[in-house]
Amino acid sequence: MGSALVTGATSGIGLEFAWELAAERNDLVLVARNEKRLATVAENIRQVANVQVEVLPADLATESGARAVAERVSAEERPIGLLINNAGFGLGQEFIGGSLERELEALDAMVRAVLITSHAATQTMVGRGYGAILNVASIASWSLNGTYSAHKAWVRTFTEGLAASLKGTGVSATALCPGLVRTEFHERAHIDADAWFRFAFSSPRTVARIGLDACRKGQPIVTPTLLYKAAELGLRLAPRPVVTLVAGPNVTKLAGAPQ
């Protein structure tokens with residue numbers, strides 16, 4: 001039995017991570033902004049899975065929130081063996097004409113918080129000789145669709161580099177790059193999910209299971225489902241003008257990847 005900390009744990013992929021880990025008899029630390037919803041999720045998991053579930057209300061768009069999570073990851077009591085950085089959101093705006101505060105909030109939540117918590121985890125885990133970090137990036141990290149793509153590209157590149165640095169330490173890092181997933185992400189970002197075909201969506205459970213399996217195997221990067229593996233290959237190999245045309249600022253099909 002181990003302990004895992006999951007950010008963005010009250011909905012979507014994060015919630016599925018929590019249930020999957022609880023089913024395997026792992027104790028949990030669940031992180032989210034909504035304290036009431038967090039308490040409800042935690043109690044449901046306790047009742048069903050009979051595991052210890054600790055709650056940590058924190059806003060990862062603030063430095064204090066990110067550092068609170070980092071402090072918990074570094075704690076010697078009830079040590080964390082798996083850190084899952086899943087928290088994130090769609091900005092719901094264009095960069096040009098959009099709110100700078102919204103942009104900074106997204107940057108802090110999806111980049112700075114990942115940096116702070118991953119740094120804390122590596123210091124502690126390497127010292128113990130075991131542990132894993134799973135950072136949720138996106139298929140959008142290969143596209144050119146606004147700052148969301150840029151944030152997720154940073155997460156993917158950072159995690160791949162971290163994985164290489166951790167070789168031989170007993171600690172691994174994995175970047176999970178899902179495509180479209182049926183979650184609350186689109187509604188919160190004011191994106192019409194019905195603009196895409198149903199077959200383009202994966203279930204949160206499928207994505208969570210694939211991510212955890214890749215993490216156990218120590219894979220540096222994983223893209224769930226054959227559809228998005230093919231999309232990733234196309235985006236990586238296509239000339240940049242083509243990528244701009246099919247997955248650039250004026251196209252939303254790959255920008256709606258979930259959190």
# chains A, B, ... in the order shown; residues from 1 in each chain; ligands from 1

$ select_by_dssp --residues "range 130-179 of chain A" --states "strand (DSSP E)" --output "JSON list (two decimals) with C-alpha atoms, in the first residue's frame"
[["chain", "number", "residue", "atom", "x", "y", "z"],
["A", 131, "GLY", "CA", 8.63, 7.39, -6.24],
["A", 132, "ALA", "CA", 6.94, 8.63, -9.39],
["A", 133, "ILE", "CA", 5.61, 11.86, -10.89],
["A", 134, "LEU", "CA", 2.80, 11.90, -13.44],
["A", 135, "ASN", "CA", 2.22, 15.28, -15.08],
["A", 136, "VAL", "CA", -0.83, 15.73, -17.29],
["A", 171, "VAL", "CA", 12.19, 7.72, -9.35],
["A", 172, "SER", "CA", 10.35, 8.19, -12.65],
["A", 173, "ALA", "CA", 8.49, 11.00, -14.42],
["A", 174, "THR", "CA", 5.75, 10.57, -17.01],
["A", 175, "ALA", "CA", 3.92, 13.09, -19.20],
["A", 176, "LEU", "CA", 0.36, 12.08, -20.11]]

$ residues_around --residues "Val242 in chain A" --least-positions-apart "6" --cutoff "12 Å" --atoms "only C-alpha atoms" --output "list in words"
Ser143, Leu144, Gly234, Leu235, Arg236 and Gly248 of chain A

$ write_last_selection --atoms "N, CA and C atoms" --output "PDB file, in the first residue's frame"
ATOM      1  N   SER A 143       0.226  21.302 -30.847  1.00  0.00           N
ATOM      2  CA  SER A 143      -0.465  22.243 -31.725  1.00  0.00           C
ATOM      3  C   SER A 143       0.006  23.668 -31.442  1.00  0.00           C
ATOM      4  N   LEU A 144      -0.621  24.615 -32.104  1.00  0.00           N
ATOM      5  CA  LEU A 144      -0.234  26.021 -31.963  1.00  0.00           C
ATOM      6  C   LEU A 144      -1.439  26.856 -31.553  1.00  0.00           C
ATOM      7  N   GLY A 234       1.226  12.954 -36.745  1.00  0.00           N
ATOM      8  CA  GLY A 234       1.020  13.905 -37.826  1.00  0.00           C
ATOM      9  C   GLY A 234       1.495  15.304 -37.466  1.00  0.00           C
ATOM     10  N   LEU A 235       1.198  15.730 -36.256  1.00  0.00           N
ATOM     11  CA  LEU A 235       1.601  17.067 -35.820  1.00  0.00           C
ATOM     12  C   LEU A 235       3.118  17.185 -35.683  1.00  0.00           C
ATOM     13  N   ARG A 236       3.761  16.101 -35.280  1.00  0.00           N
ATOM     14  CA  ARG A 236       5.215  16.138 -35.110  1.00  0.00           C
ATOM     15  C   ARG A 236       5.947  16.154 -36.447  1.00  0.00           C
ATOM     16  N   GLY A 248      -3.771  25.525 -35.676  1.00  0.00           N
ATOM     17  CA  GLY A 248      -3.265  26.827 -35.261  1.00  0.00           C
ATOM     18  C   GLY A 248      -4.295  27.642 -34.512  1.00  0.00           C
TER      19      GLY A 248
END

$ residues_around --residues "Ala22 in chain A" --least-positions-apart "3" --cutoff "10 Å" --atoms "only C-alpha atoms" --output "PDB file with N, CA and C atoms, in the first residue's frame"
ATOM      1  N   MET A   1       0.847  -1.197   0.000  1.00  0.00           N
ATOM      2  CA  MET A   1       0.000   0.000   0.000  1.00  0.00           C
ATOM      3  C   MET A   1       0.883   1.247   0.000  1.00  0.00           C
ATOM      4  N   SER A   3       0.981   5.814  -0.978  1.00  0.00           N
ATOM      5  CA  SER A   3       0.192   7.036  -0.885  1.00  0.00           C
ATOM      6  C   SER A   3       0.393   7.850  -2.156  1.00  0.00           C
ATOM      7  N   ALA A   4      -0.693   8.404  -2.665  1.00  0.00           N
ATOM      8  CA  ALA A   4      -0.633   9.204  -3.884  1.00  0.00           C
ATOM      9  C   ALA A   4      -1.307  10.535  -3.648  1.00  0.00           C
ATOM     10  N   GLU A  16     -10.980  10.246 -11.676  1.00  0.00           N
ATOM     11  CA  GLU A  16     -10.750   8.856 -12.077  1.00  0.00           C
ATOM     12  C   GLU A  16      -9.410   8.337 -11.553  1.00  0.00           C
ATOM     13  N   PHE A  17      -8.390   9.190 -11.560  1.00  0.00           N
ATOM     14  CA  PHE A  17      -7.118   8.798 -10.943  1.00  0.00           C
ATOM     15  C   PHE A  17      -7.356   8.379  -9.492  1.00  0.00           C
ATOM     16  N   ALA A  18      -8.111   9.196  -8.779  1.00  0.00           N
ATOM     17  CA  ALA A  18      -8.357   8.931  -7.363  1.00  0.00           C
ATOM     18  C   ALA A  18      -9.055   7.591  -7.159  1.00  0.00           C
ATOM     19  N   TRP A  19     -10.095   7.328  -7.942  1.00  0.00           N
ATOM     20  CA  TRP A  19     -10.834   6.074  -7.789  1.00  0.00           C
ATOM     21  C   TRP A  19      -9.990   4.874  -8.184  1.00  0.00           C
ATOM     22  N   ARG A  25      -5.980   0.023  -3.380  1.00  0.00           N
ATOM     23  CA  ARG A  25      -5.665   0.095  -1.950  1.00  0.00           C
ATOM     24  C   ARG A  25      -4.578   1.109  -1.629  1.00  0.00           C
ATOM     25  N   ASN A  26      -4.458   2.145  -2.426  1.00  0.00           N
ATOM     26  CA  ASN A  26      -3.540   3.239  -2.120  1.00  0.00           C
ATOM     27  C   ASN A  26      -4.248   4.291  -1.280  1.00  0.00           C
ATOM     28  N   ASP A  27      -3.570   4.791  -0.263  1.00  0.00           N
ATOM     29  CA  ASP A  27      -4.082   5.948   0.458  1.00  0.00           C
ATOM     30  C   ASP A  27      -3.898   7.191  -0.410  1.00  0.00           C
ATOM     31  N   LEU A  28      -4.728   8.199  -0.162  1.00  0.00           N
ATOM     32  CA  LEU A  28      -4.771   9.353  -1.065  1.00  0.00           C
ATOM     33  C   LEU A  28      -4.658  10.678  -0.316  1.00  0.00           C
ATOM     34  N   ILE A  45     -15.037   8.109  -1.397  1.00  0.00           N
ATOM     35  CA  ILE A  45     -13.956   7.146  -1.614  1.00  0.00           C
ATOM     36  C   ILE A  45     -13.659   6.363  -0.338  1.00  0.00           C
ATOM     37  N   ARG A  46     -13.667   7.045   0.797  1.00  0.00           N
ATOM     38  CA  ARG A  46     -13.446   6.353   2.072  1.00  0.00           C
ATOM     39  C   ARG A  46     -14.492   5.260   2.289  1.00  0.00           C
ATOM     40  N   VAL A  48     -16.422   3.690   0.124  1.00  0.00           N
ATOM     41  CA  VAL A  48     -16.440   2.608  -0.868  1.00  0.00           C
ATOM     42  C   VAL A  48     -15.155   1.783  -0.841  1.00  0.00           C
ATOM     43  N   ALA A  49     -14.006   2.452  -0.803  1.00  0.00           N
ATOM     44  CA  ALA A  49     -12.725   1.761  -0.949  1.00  0.00           C
ATOM     45  C   ALA A  49     -12.049   1.437   0.375  1.00  0.00           C
ATOM     46  N   ASN A  50     -12.515   2.053   1.468  1.00  0.00           N
ATOM     47  CA  ASN A  50     -11.940   1.811   2.787  1.00  0.00           C
ATOM     48  C   ASN A  50     -10.439   2.085   2.822  1.00  0.00           C
ATOM     49  N   VAL A  51     -10.051   3.242   2.296  1.00  0.00           N
ATOM     50  CA  VAL A  51      -8.656   3.680   2.353  1.00  0.00           C
ATOM     51  C   VAL A  51      -8.621   5.044   3.053  1.00  0.00           C
ATOM     52  N   GLN A  52      -7.442   5.450   3.484  1.00  0.00           N
ATOM     53  CA  GLN A  52      -7.297   6.758   4.091  1.00  0.00           C
ATOM     54  C   GLN A  52      -7.285   7.828   3.002  1.00  0.00           C
ATOM     55  N   VAL A  53      -8.080   8.850   3.171  1.00  0.00           N
ATOM     56  CA  VAL A  53      -8.149   9.943   2.199  1.00  0.00           C
ATOM     57  C   VAL A  53      -7.997  11.268   2.944  1.00  0.00           C
TER      58      VAL A  53
END

$ residues_around --residues "Thr117 in chain A" --least-positions-apart "6" --cutoff "9 Å" --atoms "only C-alpha atoms" --output "list in words"
Ala66, Arg67, Val69, Ala70, Glu71, Val73, Leu83 and Asn85 of chain A

$ closest_residue --among "A:Glu54, A:Tyr228, A:Val126, A:Ala42" --to "Ala140 in chain A" --atoms "only C-alpha atoms"
A:Tyr228

$ select_by_dssp --residues "range 30-223 of chain A" --states "helix (DSSP H, G or I)" --output "ChimeraX atom specification"
/A:35-49,63-74,100-128,139-142,146-165,185-188,193-195,198-200,204-217

$ atom_distance --atom1 "CA of Arg33 in chain A" --atom2 "CA of Val55 in chain A"
10.6 Å

$ closest_residue --among "A:Leu56, A:Ala208, A:Ser138, A:Asn145" --to "Gln93 in chain A" --atoms "only C-alpha atoms"
A:Asn145

$ closest_residue --among "A:Thr225, A:Val29, A:Asn86, A:Pro204" --to "Ile139 in chain A" --atoms "only C-alpha atoms"
A:Thr225

$ atom_distance --atom1 "CA of Leu166 in chain A" --atom2 "CA of Ala150 in chain A"
24.1 Å

$ residues_around --residues "Val155 in chain A" --least-positions-apart "3" --cutoff "7 Å" --atoms "only C-alpha atoms" --output "PyMOL selection string"
chain A and resi 111+137+151-152+158-159

$ write_last_selection --atoms "C-alpha atoms" --output "PDB file, in the first residue's frame"
ATOM      1  CA  VAL A 111       3.301  25.677 -15.289  1.00  0.00           C
ATOM      2  CA  ALA A 137       0.064  17.517 -20.514  1.00  0.00           C
ATOM      3  CA  HIS A 151       1.653  25.628 -21.220  1.00  0.00           C
ATOM      4  CA  LYS A 152       1.129  21.971 -22.068  1.00  0.00           C
ATOM      5  CA  PHE A 158       9.870  19.544 -18.777  1.00  0.00           C
ATOM      6  CA  THR A 159       8.660  16.076 -17.813  1.00  0.00           C
TER       7      THR A 159
END

$ atom_distance --atom1 "CA of Gly97 in chain A" --atom2 "CA of Ser149 in chain A"
17.9 Å

$ residues_around --residues "Thr124 in chain A" --least-positions-apart "2" --cutoff "10 Å" --atoms "only C-alpha atoms" --output "ChimeraX atom specification"
/A:73-76,79-81,118-122,126-131

$ write_last_selection --atoms "C-alpha atoms" --output "mmCIF file, in the first residue's frame"
data_model
loop_
_atom_site.group_PDB
_atom_site.id
_atom_site.type_symbol
_atom_site.label_atom_id
_atom_site.label_comp_id
_atom_site.auth_asym_id
_atom_site.auth_seq_id
_atom_site.Cartn_x
_atom_site.Cartn_y
_atom_site.Cartn_z
ATOM 1 C CA VAL A 73 4.743 16.174 -0.913
ATOM 2 C CA SER A 74 7.931 16.731 1.082
ATOM 3 C CA ALA A 75 6.485 15.541 4.411
ATOM 4 C CA GLU A 76 8.136 12.545 6.059
ATOM 5 C CA PRO A 79 5.112 9.918 2.587
ATOM 6 C CA ILE A 80 3.872 10.468 -0.953
ATOM 7 C CA GLY A 81 5.020 7.807 -3.402
ATOM 8 C CA SER A 118 7.773 18.444 -9.050
ATOM 9 C CA HIS A 119 10.845 20.063 -7.513
ATOM 10 C CA ALA A 120 9.645 19.177 -4.021
ATOM 11 C CA ALA A 121 8.807 15.626 -5.073
ATOM 12 C CA THR A 122 12.166 14.936 -6.701
ATOM 13 C CA VAL A 126 15.338 10.704 -4.812
ATOM 14 C CA GLY A 127 16.479 10.808 -1.220
ATOM 15 C CA ARG A 128 14.238 7.808 -0.439
ATOM 16 C CA GLY A 129 15.159 5.979 -3.621
ATOM 17 C CA TYR A 130 11.631 5.488 -4.936
ATOM 18 C CA GLY A 131 8.635 7.391 -6.243
#

$ closest_residue --among "A:Ala247, A:Leu5, A:Leu82, A:Leu212" --to "Glu20 in chain A" --atoms "only C-alpha atoms"
A:Leu212

$ residues_around --residues "Leu227 in chain A" --least-positions-apart "6" --cutoff "12 Å" --atoms "only C-alpha atoms" --output "number ranges by chain"
A: 139, 178-180, 199-202, 233-234

$ write_last_selection --atoms "N, CA and C atoms" --output "tab-separated table (two decimals), in the first residue's frame"
chain	number	residue	atom	x	y	z
A	139	ILE	N	-2.49	16.52	-25.90
A	139	ILE	CA	-2.19	16.45	-27.34
A	139	ILE	C	-2.04	17.86	-27.90
A	178	PRO	N	-3.33	13.39	-23.22
A	178	PRO	CA	-4.63	12.98	-23.75
A	178	PRO	C	-5.14	13.92	-24.82
A	179	GLY	N	-6.06	13.40	-25.61
A	179	GLY	CA	-6.79	14.24	-26.55
A	179	GLY	C	-8.10	14.66	-25.91
A	180	LEU	N	-9.14	14.70	-26.69
A	180	LEU	CA	-10.45	15.09	-26.17
A	180	LEU	C	-10.97	14.04	-25.19
A	199	PHE	N	-16.80	10.01	-31.53
A	199	PHE	CA	-15.69	9.05	-31.52
A	199	PHE	C	-14.36	9.70	-31.17
A	200	ALA	N	-14.31	11.03	-31.22
A	200	ALA	CA	-13.06	11.72	-30.90
A	200	ALA	C	-12.79	11.79	-29.40
A	201	PHE	N	-13.80	11.45	-28.59
A	201	PHE	CA	-13.67	11.57	-27.14
A	201	PHE	C	-13.30	10.24	-26.49
A	202	SER	N	-12.37	10.30	-25.56
A	202	SER	CA	-12.05	9.15	-24.71
A	202	SER	C	-12.76	9.33	-23.38
A	233	LEU	N	1.60	11.95	-34.16
A	233	LEU	CA	2.60	11.69	-35.19
A	233	LEU	C	2.48	12.68	-36.33
A	234	GLY	N	1.23	12.95	-36.74
A	234	GLY	CA	1.02	13.91	-37.83
A	234	GLY	C	1.50	15.30	-37.47
